[in-house]
>>> print(open('coords-v7.tsv').read())   # TSV, C-alpha atoms and all ligand atoms
chain	number	residue	atom	x	y	z
A	1	MET	CA	11.20	-2.71	27.65
A	2	LYS	CA	14.14	-0.98	26.83
A	3	PHE	CA	15.95	0.37	29.72
A	4	SER	CA	18.63	1.70	27.50
A	5	CYS	CA	19.96	0.69	23.80
A	6	ALA	CA	23.69	2.58	22.34
A	7	LEU	CA	26.52	3.66	19.84
A	8	LEU	CA	29.87	4.71	18.41
A	9	LEU	CA	32.22	4.13	15.55
A	10	SER	CA	33.17	0.57	14.89
A	11	GLY	CA	36.77	0.10	13.82
A	12	ILE	CA	35.35	-2.14	11.15
A	13	THR	CA	32.67	0.23	10.04
A	14	ARG	CA	32.45	0.34	6.30
A	15	LEU	CA	29.57	2.76	5.96
A	16	ALA	CA	31.18	6.02	6.80
A	17	TYR	CA	30.19	8.49	4.20
A	18	GLY	CA	30.45	11.58	6.30
A	19	SER	CA	27.71	12.54	8.67
A	20	ASP	CA	30.06	14.54	10.87
A	21	THR	CA	28.07	17.68	10.22
A	22	ASP	CA	24.82	16.05	11.28
A	23	SER	CA	24.35	16.38	15.02
A	24	LEU	CA	21.10	14.41	14.82
A	25	CYS	CA	22.93	11.38	13.46
A	26	ILE	CA	24.60	9.47	16.26
A	27	ALA	CA	27.92	7.82	15.32
A	28	PRO	CA	28.81	5.20	14.35
A	29	GLY	CA	25.41	5.29	12.72
A	30	THR	CA	25.11	6.67	9.21
A	31	CYS	CA	22.03	8.64	8.18
A	32	GLN	CA	22.51	9.27	4.47
A	33	PRO	CA	21.91	6.84	1.62
A	34	PRO	CA	24.91	5.29	-0.13
A	35	SER	CA	26.25	7.36	-3.00
A	36	ASP	CA	26.35	4.41	-5.40
A	37	SER	CA	23.31	4.93	-7.63
A	38	ASN	CA	23.45	1.32	-8.84
A	39	TYR	CA	21.76	0.24	-5.65
A	40	GLU	CA	18.14	-0.78	-6.07
A	41	VAL	CA	15.90	0.52	-3.28
A	42	LEU	CA	13.32	-1.99	-2.05
A	43	GLY	CA	10.99	-2.56	0.86
A	44	ARG	CA	8.84	0.12	2.50
A	45	ILE	CA	10.39	2.94	0.55
A	46	GLU	CA	8.06	5.61	1.99
A	47	ALA	CA	8.40	4.68	5.67
A	48	VAL	CA	9.54	7.55	7.90
A	49	PRO	CA	11.16	7.09	11.34
A	50	ARG	CA	9.07	8.23	14.32
A	51	LYS	CA	9.46	8.79	18.06
A	52	GLN	CA	8.13	6.37	20.66
A	53	TRP	CA	6.33	7.07	23.94
A	54	GLY	CA	8.69	6.54	26.87
A	55	ASP	CA	6.33	5.60	29.68
A	56	SER	CA	5.32	2.15	30.86
A	57	GLY	CA	8.42	0.32	29.66
A	58	GLY	CA	8.57	2.26	26.41
A	59	PHE	CA	6.49	1.75	23.30
A	60	CYS	CA	9.24	0.56	20.96
A	61	GLY	CA	7.25	-2.40	19.64
A	62	ALA	CA	4.08	-0.35	19.15
A	63	LEU	CA	6.04	2.44	17.47
A	64	SER	CA	7.71	-0.03	15.10
A	65	ILE	CA	4.31	-1.39	14.10
A	66	GLN	CA	2.99	2.16	13.68
A	67	VAL	CA	5.86	3.16	11.36
A	68	ILE	CA	5.49	0.14	9.11
A	69	GLY	CA	1.69	0.29	9.19
A	70	MET	CA	1.78	3.88	7.93
A	71	SER	CA	3.79	2.75	4.92
A	72	PHE	CA	0.76	0.61	4.07
A	73	GLY	CA	-1.68	3.52	4.56
A	74	VAL	CA	-2.87	2.85	8.11
A	75	TRP	CA	-2.52	4.93	11.27
A	76	HIS	CA	-2.68	3.17	14.62
A	77	SER	CA	-2.07	5.11	17.81
A	78	GLN	CA	0.58	3.51	20.05
A	79	ASP	CA	-2.26	3.33	22.57
A	80	VAL	CA	-4.44	1.29	20.21
A	81	ILE	CA	-1.59	-1.06	19.30
A	82	ARG	CA	-0.88	-1.89	22.91
A	83	LYS	CA	-4.57	-2.39	23.61
A	84	GLN	CA	-4.69	-4.97	20.83
A	85	ALA	CA	-1.74	-6.93	22.24
A	86	PRO	CA	-2.78	-9.96	24.28
A	87	ARG	CA	-1.43	-10.95	27.68
A	88	SER	CA	1.53	-13.25	27.20
A	89	ASP	CA	4.42	-15.06	28.81
A	90	PRO	CA	6.89	-13.51	29.30
A	91	LEU	CA	4.86	-10.51	30.31
A	92	GLY	CA	5.90	-6.87	29.95
A	93	HIS	CA	4.17	-3.73	31.19
A	94	GLY	CA	0.40	-3.49	31.01
A	95	ASP	CA	-2.89	-4.90	32.15
A	96	ASP	CA	-6.20	-5.97	30.64
A	97	THR	CA	-7.45	-2.37	30.44
A	98	LEU	CA	-4.36	-0.63	29.09
A	99	GLY	CA	-3.21	-3.56	26.99
A	100	TYR	CA	0.20	-5.16	26.98
A	101	GLU	CA	3.64	-4.15	25.89
A	102	ILE	CA	4.54	-5.65	22.51
A	103	LEU	CA	7.00	-8.53	22.96
A	104	HIS	CA	8.00	-11.54	20.85
A	105	SER	CA	5.47	-13.52	22.89
A	106	ASN	CA	2.38	-11.52	21.90
A	107	ILE	CA	3.24	-9.83	18.61
A	108	ASN	CA	1.44	-12.47	16.55
A	109	GLY	CA	-1.73	-11.89	18.54
A	110	ALA	CA	-1.37	-8.14	18.10
A	111	MET	CA	-0.87	-8.59	14.35
A	112	GLU	CA	-4.10	-10.62	14.16
A	113	ASN	CA	-6.10	-8.11	16.19
A	114	LEU	CA	-4.76	-5.15	14.23
A	115	GLY	CA	-5.56	-6.82	10.91
A	116	PHE	CA	-2.10	-7.17	9.40
A	117	GLU	CA	-0.86	-9.92	7.11
A	118	TYR	CA	2.44	-10.95	8.66
A	119	GLU	CA	4.98	-13.67	9.22
A	120	SER	CA	7.21	-14.02	12.27
A	121	TRP	CA	10.64	-15.62	12.10
A	122	ASP	CA	10.40	-19.04	13.73
A	123	TRP	CA	12.90	-18.41	16.52
A	124	GLU	CA	11.72	-21.49	18.41
A	125	THR	CA	12.54	-24.19	15.89
A	126	GLN	CA	15.04	-22.73	13.44
A	127	PRO	CA	18.49	-24.31	13.87
A	128	LYS	CA	21.02	-22.25	15.80
A	129	PRO	CA	22.96	-20.15	15.21
A	130	GLN	CA	20.14	-18.42	13.37
A	131	GLY	CA	21.80	-15.12	12.47
A	132	LYS	CA	22.97	-15.85	8.94
A	133	ASN	CA	19.71	-17.49	7.89
A	134	TYR	CA	17.85	-14.70	9.59
A	135	LEU	CA	19.59	-12.07	7.45
A	136	GLN	CA	18.62	-14.01	4.32
A	137	TRP	CA	15.01	-14.10	5.52
A	138	MET	CA	15.14	-10.38	6.30
A	139	LYS	CA	16.54	-9.54	2.88
A	140	HIS	CA	13.91	-11.65	1.16
A	141	LYS	CA	11.09	-10.05	3.14
A	142	LEU	CA	12.32	-6.52	2.46
A	143	ALA	CA	12.85	-7.32	-1.23
A	144	SER	CA	9.23	-8.54	-1.28
A	145	ASP	CA	7.87	-5.19	-0.05
A	146	ASN	CA	7.54	-6.18	3.61
A	147	GLY	CA	8.61	-4.08	6.58
A	148	ILE	CA	10.11	-5.78	9.62
A	149	VAL	CA	9.44	-5.27	13.31
A	150	GLN	CA	12.97	-6.11	14.44
A	151	PHE	CA	14.04	-7.18	17.94
A	152	VAL	CA	17.59	-5.96	18.58
A	153	LEU	CA	20.40	-5.99	21.10
A	154	CYS	CA	21.59	-2.64	22.41
A	155	LYS	CA	25.06	-2.16	23.83
A	156	GLY	CA	25.13	-1.71	27.59
A	157	ASP	CA	21.61	-3.05	28.06
A	158	ARG	CA	20.68	-6.22	29.88
A	159	HIS	CA	19.95	-8.46	26.88
A	160	ASN	CA	16.96	-9.83	28.70
A	161	SER	CA	13.43	-8.63	28.05
A	162	TYR	CA	11.34	-9.92	30.94
A	163	GLY	CA	12.73	-13.47	30.96
A	164	PRO	CA	13.84	-15.05	34.26
A	165	PRO	CA	17.60	-14.73	34.89
A	166	SER	CA	17.89	-18.46	34.29
A	167	ASP	CA	16.27	-18.16	30.85
A	168	PRO	CA	16.90	-14.65	29.51
A	169	VAL	CA	15.01	-13.36	26.47
A	170	PRO	CA	17.84	-11.96	24.36
A	171	TYR	CA	16.73	-8.58	23.07
A	172	ASP	CA	16.60	-5.05	24.46
A	173	HIS	CA	14.64	-2.98	22.02
A	174	ILE	CA	12.40	-3.17	18.95
A	175	GLU	CA	12.84	-1.04	15.82
A	176	PRO	CA	11.31	-0.73	12.36
A	177	PHE	CA	13.69	-2.15	9.69
A	178	PHE	CA	11.99	-0.88	6.59
A	179	LYS	CA	14.15	-0.43	3.52
A	180	LEU	CA	16.75	-2.41	1.57
A	181	TYR	CA	19.53	-1.20	-0.70
A	182	SER	CA	20.65	-4.11	-2.86
A	183	PHE	CA	22.70	-4.73	-5.99
A	184	ASP	CA	20.92	-8.00	-6.72
A	185	GLY	CA	17.31	-7.56	-5.67
A	186	ASP	CA	16.07	-10.63	-3.84
A	187	GLY	CA	19.32	-12.58	-4.25
A	188	ASP	CA	21.59	-14.13	-1.65
A	189	VAL	CA	22.74	-11.88	1.15
A	190	ARG	CA	25.80	-9.83	0.24
A	191	ASP	CA	28.06	-7.93	2.62
A	192	ASP	CA	27.19	-4.71	0.82
A	193	ASP	CA	23.42	-5.06	1.23
A	194	ILE	CA	22.18	-2.18	3.34
A	195	VAL	CA	19.13	-2.06	5.58
A	196	VAL	CA	17.56	1.20	6.76
A	197	HIS	CA	16.01	1.33	10.23
A	198	GLY	CA	14.62	3.76	12.76
A	199	SER	CA	15.92	4.16	16.33
A	200	ASP	CA	12.45	5.05	17.73
A	201	TYR	CA	13.93	8.41	18.79
A	202	SER	CA	13.34	10.26	15.55
A	203	PRO	CA	14.63	12.47	13.98
A	204	ASP	CA	17.18	9.90	12.82
A	205	GLY	CA	19.57	12.30	11.14
A	206	LYS	CA	18.74	15.84	10.00
A	207	ASP	CA	16.70	14.48	7.08
A	208	ASN	CA	15.13	11.73	9.24
A	209	PHE	CA	15.89	9.11	6.60
A	210	GLY	CA	16.83	6.61	9.33
A	211	TYR	CA	20.05	4.69	9.95
A	212	PHE	CA	21.77	2.89	7.08
A	213	ARG	CA	23.51	-0.36	8.04
A	214	GLN	CA	25.48	-2.73	5.94
A	215	PHE	CA	24.33	-6.32	6.45
A	216	ASP	CA	27.82	-7.53	7.36
A	217	SER	CA	27.81	-5.19	10.38
A	218	LEU	CA	24.56	-6.42	11.93
A	219	LEU	CA	25.22	-9.67	13.80
A	220	ASP	CA	26.89	-9.90	17.18
A	221	SER	CA	27.07	-12.03	20.31
A	222	LEU	CA	25.73	-10.96	23.69
A	223	ASP	CA	29.16	-9.56	24.56
A	224	MET	CA	28.70	-7.06	21.74
A	225	GLU	CA	32.43	-6.88	21.19
A	226	GLY	CA	32.22	-7.80	17.50
A	227	ASN	CA	30.24	-5.67	15.05
A	228	CYS	CA	28.86	-3.58	17.90
A	229	ALA	CA	32.20	-3.18	19.69
A	230	ASN	CA	32.20	0.55	19.09
A	231	ALA	CA	28.48	1.17	19.49
A	232	GLY	CA	27.72	3.73	22.14
A	233	SER	CA	26.21	2.54	25.41
A	234	GLY	CA	23.00	3.73	26.94
A	235	TYR	CA	19.88	5.60	26.01
A	236	GLY	CA	20.11	7.95	23.05
A	237	LYS	CA	23.16	6.17	21.64
A	238	ASN	CA	22.77	2.42	21.50
A	239	GLU	CA	19.39	2.50	19.72
A	240	MET	CA	21.10	4.14	16.76
A	241	TYR	CA	23.62	1.34	16.32
A	242	PRO	CA	21.99	-1.89	17.53
A	243	CYS	CA	23.01	-5.41	16.62
A	244	ILE	CA	21.02	-8.55	15.86
A	245	PHE	CA	21.79	-11.52	18.10
A	246	GLU	CA	23.73	-14.06	16.04
A	247	ASP	CA	22.38	-17.11	17.85
A	248	GLN	CA	18.63	-16.57	18.23
A	249	THR	CA	16.70	-13.84	16.53
A	250	TYR	CA	13.20	-12.40	16.58
A	251	GLY	CA	11.44	-10.43	13.90
A	252	THR	CA	7.99	-10.04	12.36
A	253	ALA	CA	7.53	-9.13	8.69
A	254	ILE	CA	4.39	-7.17	7.78
A	255	SER	CA	3.25	-7.66	4.18
A	256	ALA	CA	-0.24	-6.17	3.87
A	257	ILE	CA	-3.44	-5.05	5.53
A	258	LYS	CA	-6.13	-7.70	5.77
A	259	GLY	CA	-9.40	-7.15	3.98
A	260	LEU	CA	-8.05	-4.92	1.22
A	261	ASP	CA	-8.08	-5.83	-2.42
A	262	ALA	CA	-6.15	-2.98	-3.91
A	263	GLY	CA	-4.27	-5.03	-6.50
A	264	ASP	CA	-1.20	-3.15	-7.60
A	265	ILE	CA	-2.25	0.13	-6.06
A	266	LYS	CA	0.01	1.09	-3.16
A	267	VAL	CA	-0.85	3.72	-0.60
A	268	SER	CA	1.53	5.10	2.03
A	269	LEU	CA	0.74	7.63	4.74
A	270	THR	CA	2.70	10.33	6.52
A	271	VAL	CA	1.34	12.84	9.05
A	272	ASN	CA	2.39	16.31	10.10
A	273	ALA	CA	4.30	15.23	13.20
A	274	THR	CA	6.92	12.51	13.79
A	275	ASP	CA	5.84	12.06	17.38
A	276	GLU	CA	2.43	11.35	18.86
A	277	ALA	CA	0.75	13.16	21.76
A	278	ASP	CA	1.03	10.73	24.68
A	279	VAL	CA	-2.54	10.34	25.87
A	280	ARG	CA	-1.30	8.03	28.62
A	281	GLU	CA	0.65	10.97	30.06
A	282	ASP	CA	-2.42	13.20	29.96
A	283	GLU	CA	-1.50	14.94	26.74
A	284	PRO	CA	-4.67	15.63	24.75
A	285	PRO	CA	-4.93	13.77	21.44
A	286	THR	CA	-4.17	15.98	18.42
A	287	PRO	CA	-5.67	16.24	14.96
A	288	LEU	CA	-3.32	14.84	12.33
A	289	GLN	CA	-3.27	15.72	8.69
A	290	GLY	CA	-2.60	12.75	6.45
A	291	THR	CA	-0.57	12.95	3.24
A	292	LEU	CA	-0.81	9.95	0.95
A	293	LYS	CA	1.55	8.81	-1.74
A	294	ILE	CA	-0.32	6.61	-4.18
A	295	ARG	CA	1.42	4.39	-6.72
A	296	GLY	CA	0.06	2.12	-9.40
A	297	LEU	CA	-2.68	4.34	-10.86
A	298	SER	CA	-3.15	4.39	-14.63
A	299	ALA	CA	-3.43	7.70	-16.45
A	300	GLY	CA	-7.04	8.68	-17.13
A	301	GLU	CA	-8.53	5.87	-15.01
A	302	HIS	CA	-10.96	6.66	-12.23
A	303	TYR	CA	-10.52	5.57	-8.65
A	304	VAL	CA	-12.07	6.01	-5.24
A	305	LEU	CA	-9.96	6.77	-2.22
A	306	GLN	CA	-11.61	5.33	0.87
A	307	ARG	CA	-10.98	6.30	4.46
A	308	PHE	CA	-12.04	4.18	7.44
A	309	ASP	CA	-11.97	5.61	10.99
A	310	GLY	CA	-11.69	3.33	13.99
A	311	LEU	CA	-10.25	-0.20	13.95
A	312	GLY	CA	-13.70	-1.66	14.53
A	313	ASN	CA	-14.85	-0.02	11.30
A	314	PHE	CA	-12.05	-1.38	9.09
A	315	PRO	CA	-12.87	-3.24	5.86
A	316	ILE	CA	-11.74	-6.53	7.44
A	317	TYR	CA	-15.03	-6.32	9.35
A	318	GLY	CA	-16.97	-5.67	6.18
A	319	ASN	CA	-17.65	-2.02	6.86
A	320	THR	CA	-18.25	0.80	4.45
A	321	PRO	CA	-15.87	3.79	4.43
A	322	SER	CA	-16.29	6.83	6.68
A	323	ALA	CA	-15.37	9.02	3.71
A	324	THR	CA	-14.62	8.65	0.00
A	325	TYR	CA	-12.92	10.89	-2.53
A	326	LYS	CA	-12.70	10.61	-6.30
A	327	LEU	CA	-9.27	10.33	-7.88
A	328	GLU	CA	-8.04	10.17	-11.43
A	329	GLY	CA	-4.76	8.58	-12.47
A	330	THR	CA	-2.20	10.84	-14.15
A	331	ASP	CA	1.09	10.35	-15.97
A	332	GLU	CA	2.90	10.72	-12.67
A	333	ASP	CA	4.22	7.55	-11.03
A	334	VAL	CA	3.28	8.89	-7.64
A	335	VAL	CA	0.10	10.82	-6.89
A	336	ILE	CA	0.33	12.89	-3.73
A	337	TRP	CA	-2.95	13.55	-1.97
A	338	ILE	CA	-3.45	15.55	1.20
A	339	ASP	CA	-6.55	14.74	3.21
A	340	PRO	CA	-8.52	17.96	3.79
A	341	VAL	CA	-10.02	16.41	6.92
A	342	THR	CA	-7.78	15.58	9.89
A	343	PHE	CA	-8.04	12.42	11.97
A	344	ILE	CA	-7.51	12.09	15.72
A	345	SER	CA	-4.14	10.80	16.92
A	346	ASN	CA	-5.40	8.38	19.59
A	347	ASN	CA	-7.40	6.11	17.30
A	348	SER	CA	-6.94	4.24	13.99
A	349	THR	CA	-7.50	5.45	10.41
A	350	LEU	CA	-7.03	3.47	7.22
A	351	TYR	CA	-6.73	4.70	3.64
A	352	THR	CA	-7.06	2.59	0.52
A	353	VAL	CA	-7.67	3.22	-3.17
A	354	VAL	CA	-9.97	1.07	-5.29
A	355	ASN	CA	-11.12	1.19	-8.90
A	356	ALA	CA	-14.23	3.27	-9.44
A	357	GLN	CA	-17.22	1.08	-10.24
B	401	LIG	C1	-1.50	18.96	11.82
B	401	LIG	O1	-2.28	19.69	10.94
B	401	LIG	C2	-3.60	19.94	11.41
B	401	LIG	C3	-4.39	20.58	10.27
B	401	LIG	O2	-3.74	21.73	9.82
B	401	LIG	C4	-3.53	20.84	12.63
B	401	LIG	O3	-4.83	21.06	13.15
B	401	LIG	C5	-2.69	20.13	13.68
B	401	LIG	O4	-2.51	20.98	14.79
B	401	LIG	C6	-1.33	19.75	13.12
B	401	LIG	N1	-0.70	18.90	14.11
B	401	LIG	C7	0.54	19.07	14.47
B	401	LIG	C8	1.05	18.16	15.53
B	401	LIG	O5	1.25	19.92	13.99
B	402	LIG	C1	-12.34	5.56	17.08
B	402	LIG	O1	-13.02	6.33	16.11
B	402	LIG	C2	-14.18	5.72	15.60
B	402	LIG	C3	-14.73	6.59	14.49
B	402	LIG	O2	-14.87	7.91	14.90
B	402	LIG	C4	-15.19	5.52	16.69
B	402	LIG	O3	-16.32	4.87	16.20
B	402	LIG	C5	-14.57	4.69	17.79
B	402	LIG	O4	-15.44	4.63	18.88
B	402	LIG	C6	-13.24	5.30	18.25
B	402	LIG	N1	-12.65	4.38	19.17
B	402	LIG	C7	-12.45	4.68	20.44
B	402	LIG	C8	-11.93	3.56	21.28
B	402	LIG	O5	-12.59	5.82	20.88
B	403	LIG	C1	-9.42	9.79	22.00
B	403	LIG	O1	-9.60	10.97	22.68
B	403	LIG	C2	-10.95	11.41	22.69
B	403	LIG	C3	-10.97	12.81	23.26
B	403	LIG	O2	-10.26	12.85	24.46
B	403	LIG	C4	-11.77	10.42	23.49
B	403	LIG	O3	-13.12	10.82	23.49
B	403	LIG	C5	-11.66	9.06	22.82
B	403	LIG	O4	-12.30	8.09	23.60
B	403	LIG	C6	-10.21	8.68	22.65
B	403	LIG	N1	-10.15	7.51	21.81
B	403	LIG	C7	-9.37	6.52	22.08
B	403	LIG	C8	-9.28	5.44	21.07
B	403	LIG	O5	-8.76	6.45	23.14
>>> encode(input="coords-v7.tsv", output="structure tokens")
Amino acid sequence: MKFSCALLLSGITRLAYGSDTDSLCIAPGTCQPPSDSNYEVLGRIEAVPRKQWGDSGGFCGALSIQVIGMSFGVWHSQDVIRKQAPRSDPLGHGDDTLGYEILHSNINGAMENLGFEYESWDWETQPKPQGKNYLQWMKHKLASDNGIVQFVLCKGDRHNSYGPPSDPVPYDHIEPFFKLYSFDGDGDVRDDDIVVHGSDYSPDGKDNFGYFRQFDSLLDSLDMEGNCANAGSGYGKNEMYPCIFEDQTYGTAISAIKGLDAGDIKVSLTVNATDEADVREDEPPTPLQGTLKIRGLSAGEHYVLQRFDGLGNFPIYGNTPSATYKLEGTDEDVVIWIDPVTFISNNSTLYTVVNAQ
């Protein structure tokens, strides 16, 4: 959707702990965590920014869902995500065969079809201006281990995603907002709360940690002369320093994968590439090697790691795994496990860990 989203250094930027040596971090964005170690880190702490496909309106919504999904242990190709998105009004790029571009109007349907537990901010009936309440909702969701598919304004863009000129739909781009730095956990929003997000043009900084934004710098009007006054304009700049519309906001929080009963065991997935071969541009799909970080195992206990290949074979449909591996809990908080068998990039693969029977 995004025809361009931008950036630069806000005169009122408070998060400026030196990224001047990082050419992959676009100012005024900041790509390193705050130095204050009293911050608690919450949300999808293992999410890693990734790069979207650029064809057919751009896959920013699909990419955002992919990034957050991986932090729950599931891989969905951008192709699969779009194919699970229903036709909607307003309508973006797509058709019944190729699926539809993810927008605010079809994201709930896509969430259902992809098997996510989710909640979307009620942009239709919440009182306006929504921005302040939205930030409180966002903080609460992140503090509760959710990741957010966030609809944002980008400086220099049109601030209308497929709405008629008489009734514009006020966002330009969609990004994963995945991590929260907070001094008070799930408390009231504070100016010094920090959210970490991807631009969809990873690497986001040399370490690809993402962009760190203080909550009090996020809201702006459509003029973007407030918090985003110094954001750069245009592609490759404005995505790295977006703002959230202060009057009406859109966002979808993802909390879990349907059909799993993993209790306290948490599985996150990364793969050996931060971009995905674009099968819609005739690039062949590639094998991906999955690395899992598993939390919540007890030392000496026995577990089974299950892998499911293909969305139609996911546990939500009552299927048995395509592969299983035995695991034993150790004293380590995090068990790292590398799948010896690759999966194919243009499909879906889910990992979960259950107690051994
Ligand atoms: C990922 O690793 C697998 C297994 O080693 C390899 O076949 C594949 O080419 C790698 N993919 C990328 C994009 O590097
Ligand atoms: C995805 O992979 C699964 C398992 O290999 C397979 O059954 C399914 O047909 C694939 N889906 C598509 C659309 O290729
Ligand atoms: C993925 O690519 C393979 C090989 O080109 C193809 O057979 C399969 O149908 C594709 N699967 C999906 C989900 O598009």
>>> residues_around(input="coords-v7.tsv", residues="range 39-48 of chain A", least_positions_apart="3", cutoff="7 Å", atoms="only C-alpha atoms", output="MDAnalysis selection string")
chainID A and resid 36 67:68 71 142:147 178:183 185 209 268
>>> write_last_selection(input="coords-v7.tsv", atoms="C-alpha atoms", output="mmCIF file, in the frame of the given file")
data_model
loop_
_atom_site.group_PDB
_atom_site.id
_atom_site.type_symbol
_atom_site.label_atom_id
_atom_site.label_comp_id
_atom_site.auth_asym_id
_atom_site.auth_seq_id
_atom_site.Cartn_x
_atom_site.Cartn_y
_atom_site.Cartn_z
ATOM 1 C CA ASP A 36 26.350 4.410 -5.400
ATOM 2 C CA VAL A 67 5.860 3.160 11.360
ATOM 3 C CA ILE A 68 5.490 0.140 9.110
ATOM 4 C CA SER A 71 3.790 2.750 4.920
ATOM 5 C CA LEU A 142 12.320 -6.520 2.460
ATOM 6 C CA ALA A 143 12.850 -7.320 -1.230
ATOM 7 C CA SER A 144 9.230 -8.540 -1.280
ATOM 8 C CA ASP A 145 7.870 -5.190 -0.050
ATOM 9 C CA ASN A 146 7.540 -6.180 3.610
ATOM 10 C CA GLY A 147 8.610 -4.080 6.580
ATOM 11 C CA PHE A 178 11.990 -0.880 6.590
ATOM 12 C CA LYS A 179 14.150 -0.430 3.520
ATOM 13 C CA LEU A 180 16.750 -2.410 1.570
ATOM 14 C CA TYR A 181 19.530 -1.200 -0.700
ATOM 15 C CA SER A 182 20.650 -4.110 -2.860
ATOM 16 C CA PHE A 183 22.700 -4.730 -5.990
ATOM 17 C CA GLY A 185 17.310 -7.560 -5.670
ATOM 18 C CA PHE A 209 15.890 9.110 6.600
ATOM 19 C CA SER A 268 1.530 5.100 2.030
#
>>> residues_near_ligand(input="coords-v7.tsv", ligand="ligand LIG 402 (chain B)", cutoff="10 Å", atoms="all atoms listed in the file", output="short mmCIF file (atom, residue, chain, number, x, y, z; two decimals) with C-alpha atoms, keeping the file's coordinate frame")
data_model
loop_
_atom_site.label_atom_id
_atom_site.label_comp_id
_atom_site.auth_asym_id
_atom_site.auth_seq_id
_atom_site.Cartn_x
_atom_site.Cartn_y
_atom_site.Cartn_z
CA ASP A 79 -2.26 3.33 22.57
CA VAL A 80 -4.44 1.29 20.21
CA LYS A 83 -4.57 -2.39 23.61
CA PHE A 308 -12.04 4.18 7.44
CA ASP A 309 -11.97 5.61 10.99
CA GLY A 310 -11.69 3.33 13.99
CA LEU A 311 -10.25 -0.20 13.95
CA GLY A 312 -13.70 -1.66 14.53
CA ASN A 313 -14.85 -0.02 11.30
CA PHE A 314 -12.05 -1.38 9.09
CA SER A 322 -16.29 6.83 6.68
CA PHE A 343 -8.04 12.42 11.97
CA ILE A 344 -7.51 12.09 15.72
CA SER A 345 -4.14 10.80 16.92
CA ASN A 346 -5.40 8.38 19.59
CA ASN A 347 -7.40 6.11 17.30
CA SER A 348 -6.94 4.24 13.99
CA THR A 349 -7.50 5.45 10.41
#
>>> residues_near_ligand(input="coords-v7.tsv", ligand="ligand LIG 401 (chain B)", cutoff="10 Å", atoms="all atoms listed in the file", output="list in words")
Val271, Asn272, Ala273, Thr274, Asp275, Glu276, Ala277, Pro285, Thr286, Pro287, Leu288, Gln289, Gly290, Asp339, Pro340, Val341, Thr342, Phe343, Ile344 and Ser345 of chain A
>>> axis_aligned_box(input="coords-v7.tsv", around="range 102-108 of chain A", padding_each_side="3 Å", output="lines of an AutoDock Vina configuration file")
center_x = 4.7
center_y = -9.6
center_z = 19.8
size_x = 12.6
size_y = 13.9
size_z = 12.4
>>> atom_distance(input="coords-v7.tsv", atom1="CA of Phe151 in chain A", atom2="CA of Lys266 in chain A")
26.7 Å
>>> residues_near_point(input="coords-v7.tsv", point="(23.5, -6.6, 8.5)", cutoff="9 Å", atoms="all atoms listed in the file", output="ChimeraX atom specification")
/A:135,191-195,213-219,243-244
>>> residues_around(input="coords-v7.tsv", residues="Ser105 in chain A", least_positions_apart="5", cutoff="12 Å", atoms="only C-alpha atoms", output="mmCIF file with C-alpha atoms, in the coordinates of the input")
data_model
loop_
_atom_site.group_PDB
_atom_site.id
_atom_site.type_symbol
_atom_site.label_atom_id
_atom_site.label_comp_id
_atom_site.auth_asym_id
_atom_site.auth_seq_id
_atom_site.Cartn_x
_atom_site.Cartn_y
_atom_site.Cartn_z
ATOM 1 C CA GLY A 61 7.250 -2.400 19.640
ATOM 2 C CA ALA A 85 -1.740 -6.930 22.240
ATOM 3 C CA PRO A 86 -2.780 -9.960 24.280
ATOM 4 C CA ARG A 87 -1.430 -10.950 27.680
ATOM 5 C CA SER A 88 1.530 -13.250 27.200
ATOM 6 C CA ASP A 89 4.420 -15.060 28.810
ATOM 7 C CA PRO A 90 6.890 -13.510 29.300
ATOM 8 C CA LEU A 91 4.860 -10.510 30.310
ATOM 9 C CA GLY A 92 5.900 -6.870 29.950
ATOM 10 C CA TYR A 100 0.200 -5.160 26.980
ATOM 11 C CA ALA A 110 -1.370 -8.140 18.100
ATOM 12 C CA MET A 111 -0.870 -8.590 14.350
ATOM 13 C CA SER A 120 7.210 -14.020 12.270
ATOM 14 C CA ASP A 122 10.400 -19.040 13.730
ATOM 15 C CA TRP A 123 12.900 -18.410 16.520
ATOM 16 C CA GLU A 124 11.720 -21.490 18.410
ATOM 17 C CA PHE A 151 14.040 -7.180 17.940
ATOM 18 C CA SER A 161 13.430 -8.630 28.050
ATOM 19 C CA TYR A 162 11.340 -9.920 30.940
ATOM 20 C CA GLY A 163 12.730 -13.470 30.960
ATOM 21 C CA VAL A 169 15.010 -13.360 26.470
ATOM 22 C CA TYR A 250 13.200 -12.400 16.580
ATOM 23 C CA GLY A 251 11.440 -10.430 13.900
ATOM 24 C CA THR A 252 7.990 -10.040 12.360
#
>>> closest_residue(input="coords-v7.tsv", among="A:Gln150, A:Ser77, A:Ser255, A:Ser23", to="ligand LIG 403 (chain B)", atoms="all atoms listed in the file")
A:Ser77
>>> closest_residue(input="coords-v7.tsv", among="A:Gly259, A:Pro129, A:Gly329, A:Pro242", to="His159 in chain A", atoms="all atoms listed in the file")
A:Pro242
